[in-house]
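Beneath this line is the structure, given in structure tokens, with notes to follow.
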Amino acid sequence: MNPTAPSVRRQLKTPPASASPFPYNPGSLLSVLDLSLEGVSKILNRATVLEKEDPLVRDRILAKRRVALLFYESSTRTRTSFELAAKSLGADTTLVSSLSSSIEKGESLKDTGLTLRALGAEAIILRHNSSGAAWLLEAETRLPVLNAGDGMHEHPTQALLDLRTILTHLRPGVETVDAETLAGVTVMIVGDILHSRVARSNMLLLPRLGARVLLCGPKELLPEMAAQAGPGIVIERDFEAALRQSQAVMMLRIQAERLAGLQLDLDEYKASYQLTGQRLATFAPSSVVLHPGPIIRGLEVTAGVADGSQSAILEQVHNGVAIRMAVVERALTAQIGGRA
């Protein structure tokens with residue numbers, strides 16, 4: 001659970017431990033732990049306000065402000081969502097990817113970030129394959145940095161949009177949250193939890209609102225130590241037993257690109273952990289189904305489940321734009337001393 005990989009941590013002036021000054025900038029969102037429950041509520045409420053705002057009024061909120069999207073990994077949902085969010089507020093955006101910039105020539109994250117700052121970027125949205133990269137970038141640039149996924153560590157805006165989706169289905173109309181908002185709710189997270197930054201951010205956020213988080217998967221993808229991540233987190237290896245207990249079911253993609261060295265039989269995995277229409281109807285007929293994407297149909301979920309009436313997968317994608325509008329606005333308007 002260390003927030004930084006050793007290679008990145010060595011470059012930091014101060015490691016992001018509990019006594020760390022991170023985030024330096026009050027507009028940054030590096031981890032869901034950067035937000036108090038009041039801060040979470042503000043983002044949820046502001047997302048709704050911005051979503052309903054007249055587009056001709058909304059696009060003047062951040063008119064001509066400059067936002068850089070720095071993506072070292074491929075992305076469809078997150079990158080497009082952040083870009084549409086920033087542009088909906090009137091900001092100018094530029095995309096820098098590892099395949100079309102000096103990154104390909106070996107330029108460091110630090111130098112790329114400093115270059116973007118010198119070019120006039122006022123905030124940077126970062127996706128990187130190294131855990132802790134967002135902390136390094138913020139330490140070096142002192143710009144507001146929004147973590148769009150760092151290695152196997154965190155993906156805070158995904159957890160926020162997941163929360164908005166869960167609230168819509170299980171607590172309709174609730175946007176101001178507290179420690180009891182999800183009391184009595186069990187959220188099941190299934191699959192490659194070992195490598196999942198989405199799982200980790202949800203594990204850090206949902207129990208703070210009273211939810212019970214039930215982790216399910218084979219030992220290769222879900223070590224026993226995951227239950228020690230915090231209060232309210234439980235491991236259940238039996239998929240069908242876990243389904244019976246859950247009001248929300250979050251299926252995760254099997255990340256083939258991160259499975260080097262693991263002996264995982266995919267046919268056995270599907271037999272034990274695939275969410276099928278029959279399993280859903282039998283063991284969780286009223287549960288909401290979530291997936292952060294991209295979906296591998298026929299592996300973690302069947303097509304019928306992904307497209308079925310209990311699926312909120314496209315709602316998650318839609319909610320991502322609203323949440324990220326609120327987060328981008330916060331990044332460029334937060335005042336020193338006003339972090340929530």
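Residue names in the structure tokens use chain letters A, B, ... in the order shown, residue numbers from 1 in each chain, and ligand numbers from 1 in the order shown.
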List the neighbours of Ala183 of chain A out to 9 Å using only C-alpha atoms; skip same-chain residues closer than 2 positions along the sequence, and give me the result as a list in words.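 What passes the distance filter is Ala179, Glu180, Thr181, Val185, Thr186, Pro207, Leu209, Gly210, Ala211 and Arg212 of chain A.
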Output for the residues just chosen: C-alpha atoms as a JSON list (two decimals), in the first residue's frame:
[["chain", "number", "residue", "atom", "x", "y", "z"],
["A", 179, "ALA", "CA", -19.74, 8.48, 8.01],
["A", 180, "GLU", "CA", -23.16, 6.80, 7.99],
["A", 181, "THR", "CA", -24.30, 7.45, 4.42],
["A", 185, "VAL", "CA", -24.40, -1.35, 2.25],
["A", 186, "THR", "CA", -21.99, -4.04, 1.03],
["A", 207, "PRO", "CA", -15.59, 2.47, 4.24],
["A", 209, "LEU", "CA", -18.97, 6.46, 4.41],
["A", 210, "GLY", "CA", -19.94, 3.36, 6.37],
["A", 211, "ALA", "CA", -19.88, 0.80, 3.55],
["A", 212, "ARG", "CA", -18.62, -2.73, 3.96]]
Test item: residues at most 7 Å from Leu70 of chain A, only C-alpha atoms, excluding those fewer than 2 positions along its chain, as a list in words: Ala68, Tyr72, Leu95, Val96, Ser97, Ile124, Ile125, Leu126 and Arg127 of chain A
Residues near Val174 of chain A, anyone? I mean within 10 Å using only C-alpha atoms, not counting same-chain ones fewer than 3 positions away, as number ranges by chain. A: 41, 44-45, 164, 167-168, 170-171, 177, 181
Using atom CA of Gln335 of chain A and atom CA of His318 of chain A as the two end points, give the distance in Å to one decimal.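 Separation of atom CA of Gln335 of chain A and atom CA of His318 of chain A: 28.5 Å.
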From the DSSP assignment of the backbone, select every residue of segment 12-174 of chain A that is strand (DSSP E or B), and format the answer as JSON, numbers by chain. {"A": [29, 66, 67, 68, 69, 70, 71, 92, 93, 94, 95, 96, 97, 123, 124, 125, 126, 127, 128, 145, 146, 147, 148, 149, 150, 154]}
Using C-alpha atoms, can you export the residues from the last selection as a PDB file, in the first residue's frame?
ATOM      1  CA  LEU A  29      -6.138  15.540  -6.116  1.00  0.00           C
ATOM      2  CA  ARG A  66      -4.797  26.075 -19.733  1.00  0.00           C
ATOM      3  CA  VAL A  67      -4.914  22.417 -18.769  1.00  0.00           C
ATOM      4  CA  ALA A  68      -2.427  19.770 -19.909  1.00  0.00           C
ATOM      5  CA  LEU A  69      -3.313  16.100 -20.125  1.00  0.00           C
ATOM      6  CA  LEU A  70      -0.117  14.080 -19.665  1.00  0.00           C
ATOM      7  CA  PHE A  71      -0.782  10.417 -20.429  1.00  0.00           C
ATOM      8  CA  ASP A  92      -8.055  25.083 -23.373  1.00  0.00           C
ATOM      9  CA  THR A  93      -6.557  21.588 -23.274  1.00  0.00           C
ATOM     10  CA  THR A  94      -3.515  19.959 -24.787  1.00  0.00           C
ATOM     11  CA  LEU A  95      -2.773  16.242 -24.838  1.00  0.00           C
ATOM     12  CA  VAL A  96       0.770  14.992 -24.342  1.00  0.00           C
ATOM     13  CA  SER A  97       1.211  11.250 -24.786  1.00  0.00           C
ATOM     14  CA  ALA A 123      -2.892  22.328 -14.124  1.00  0.00           C
ATOM     15  CA  ILE A 124      -1.751  18.876 -15.201  1.00  0.00           C
ATOM     16  CA  ILE A 125      -3.873  15.747 -15.408  1.00  0.00           C
ATOM     17  CA  LEU A 126      -1.496  12.794 -15.174  1.00  0.00           C
ATOM     18  CA  ARG A 127      -1.769   9.099 -15.957  1.00  0.00           C
ATOM     19  CA  HIS A 128       1.442   7.204 -15.375  1.00  0.00           C
ATOM     20  CA  VAL A 145      -1.982  17.855 -10.356  1.00  0.00           C
ATOM     21  CA  LEU A 146      -4.945  15.546 -10.858  1.00  0.00           C
ATOM     22  CA  ASN A 147      -4.081  11.873 -10.563  1.00  0.00           C
ATOM     23  CA  ALA A 148      -5.765  10.044 -13.441  1.00  0.00           C
ATOM     24  CA  GLY A 149      -4.216   6.742 -12.363  1.00  0.00           C
ATOM     25  CA  ASP A 150      -0.693   6.042 -11.128  1.00  0.00           C
ATOM     26  CA  GLU A 154      -4.770   5.039  -6.969  1.00  0.00           C
TER      27      GLU A 154
END
Within 12 Å of Asp307 of chain A using only C-alpha atoms, minus same-chain residues under 3 positions, as a ChimeraX atom specification: /A:276-277,289-291,295,297,301-304,310-315
Could you write out the selected residues, including C-alpha atoms, as an mmCIF file, in the first residue's frame?
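Listing of again.cif after writing:
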data_model
loop_
_atom_site.group_PDB
_atom_site.id
_atom_site.type_symbol
_atom_site.label_atom_id
_atom_site.label_comp_id
_atom_site.auth_asym_id
_atom_site.auth_seq_id
_atom_site.Cartn_x
_atom_site.Cartn_y
_atom_site.Cartn_z
ATOM 1 C CA THR A 276 -23.230 -14.389 -15.652
ATOM 2 C CA GLY A 277 -26.894 -13.564 -16.005
ATOM 3 C CA VAL A 289 -23.429 -3.882 -11.475
ATOM 4 C CA LEU A 290 -20.395 -1.649 -12.019
ATOM 5 C CA HIS A 291 -17.212 -1.932 -14.052
ATOM 6 C CA ILE A 295 -14.721 -4.530 -20.283
ATOM 7 C CA ARG A 297 -16.858 -9.401 -22.538
ATOM 8 C CA VAL A 301 -18.712 -10.492 -17.304
ATOM 9 C CA THR A 302 -20.979 -11.852 -20.007
ATOM 10 C CA ALA A 303 -22.421 -9.558 -22.657
ATOM 11 C CA GLY A 304 -25.890 -10.065 -21.233
ATOM 12 C CA GLN A 310 -28.852 -4.076 -13.585
ATOM 13 C CA SER A 311 -25.790 -2.664 -15.325
ATOM 14 C CA ALA A 312 -24.728 0.898 -14.444
ATOM 15 C CA ILE A 313 -21.544 0.743 -16.495
ATOM 16 C CA LEU A 314 -22.489 3.483 -18.944
ATOM 17 C CA GLU A 315 -23.851 5.561 -16.065
#
Between A:Leu37, A:Ala159, A:Ile189, A:Ile323, which has the minimum distance to Val234 of chain A (counting only C-alpha atoms)?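 Of the candidates, the smallest distance to Val234 of chain A is held by A:Ile189.
Distance check against Gln274 of chain A using only C-alpha atoms: of A:Gly191, A:Ser309, A:Ile235, A:Ile43, the minimum falls on A:Gly191.
In this comparison, which uses only C-alpha atoms, the residue of A:Ala86, A:Leu163, A:Val40, A:Met250 approaching Ala331 of chain A most closely is A:Ala86.
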Do a neighbour search on His195 of chain A at 10 Å with only C-alpha atoms, toss out local chain neighbours closer than 5 positions, and write the hits as a PyMOL selection string. chain A and resi 151-153+200+221-222+254-255+258-259
Selection near Ala284 of chain A, 7 Å with only C-alpha atoms, sequence-local residues under 3 positions removed, as number ranges by chain: A: 243-244, 280-281, 287
I'd like to know which of A:Glu122, A:Leu275, A:His169, A:Gly293 is closest to Gln247 of chain A, using only C-alpha atoms.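 Closest to Gln247 of chain A of all the choices is A:His169.
One distance worth recording is that between atom CA of Gly232 of chain A and atom CA of Asn319 of chain A, which is 25.4 Å.
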List every residue of segment 238-313 of chain A that DSSP, applied to the backbone of this structure, assigns to alpha helix (DSSP H), and report them as JSON, numbers by chain. {"A": [239, 240, 241, 242, 243, 244, 245, 266, 267, 268, 269, 270, 271, 272, 273, 277, 278, 279, 280, 281, 282, 283, 303, 304, 305, 306, 313]}
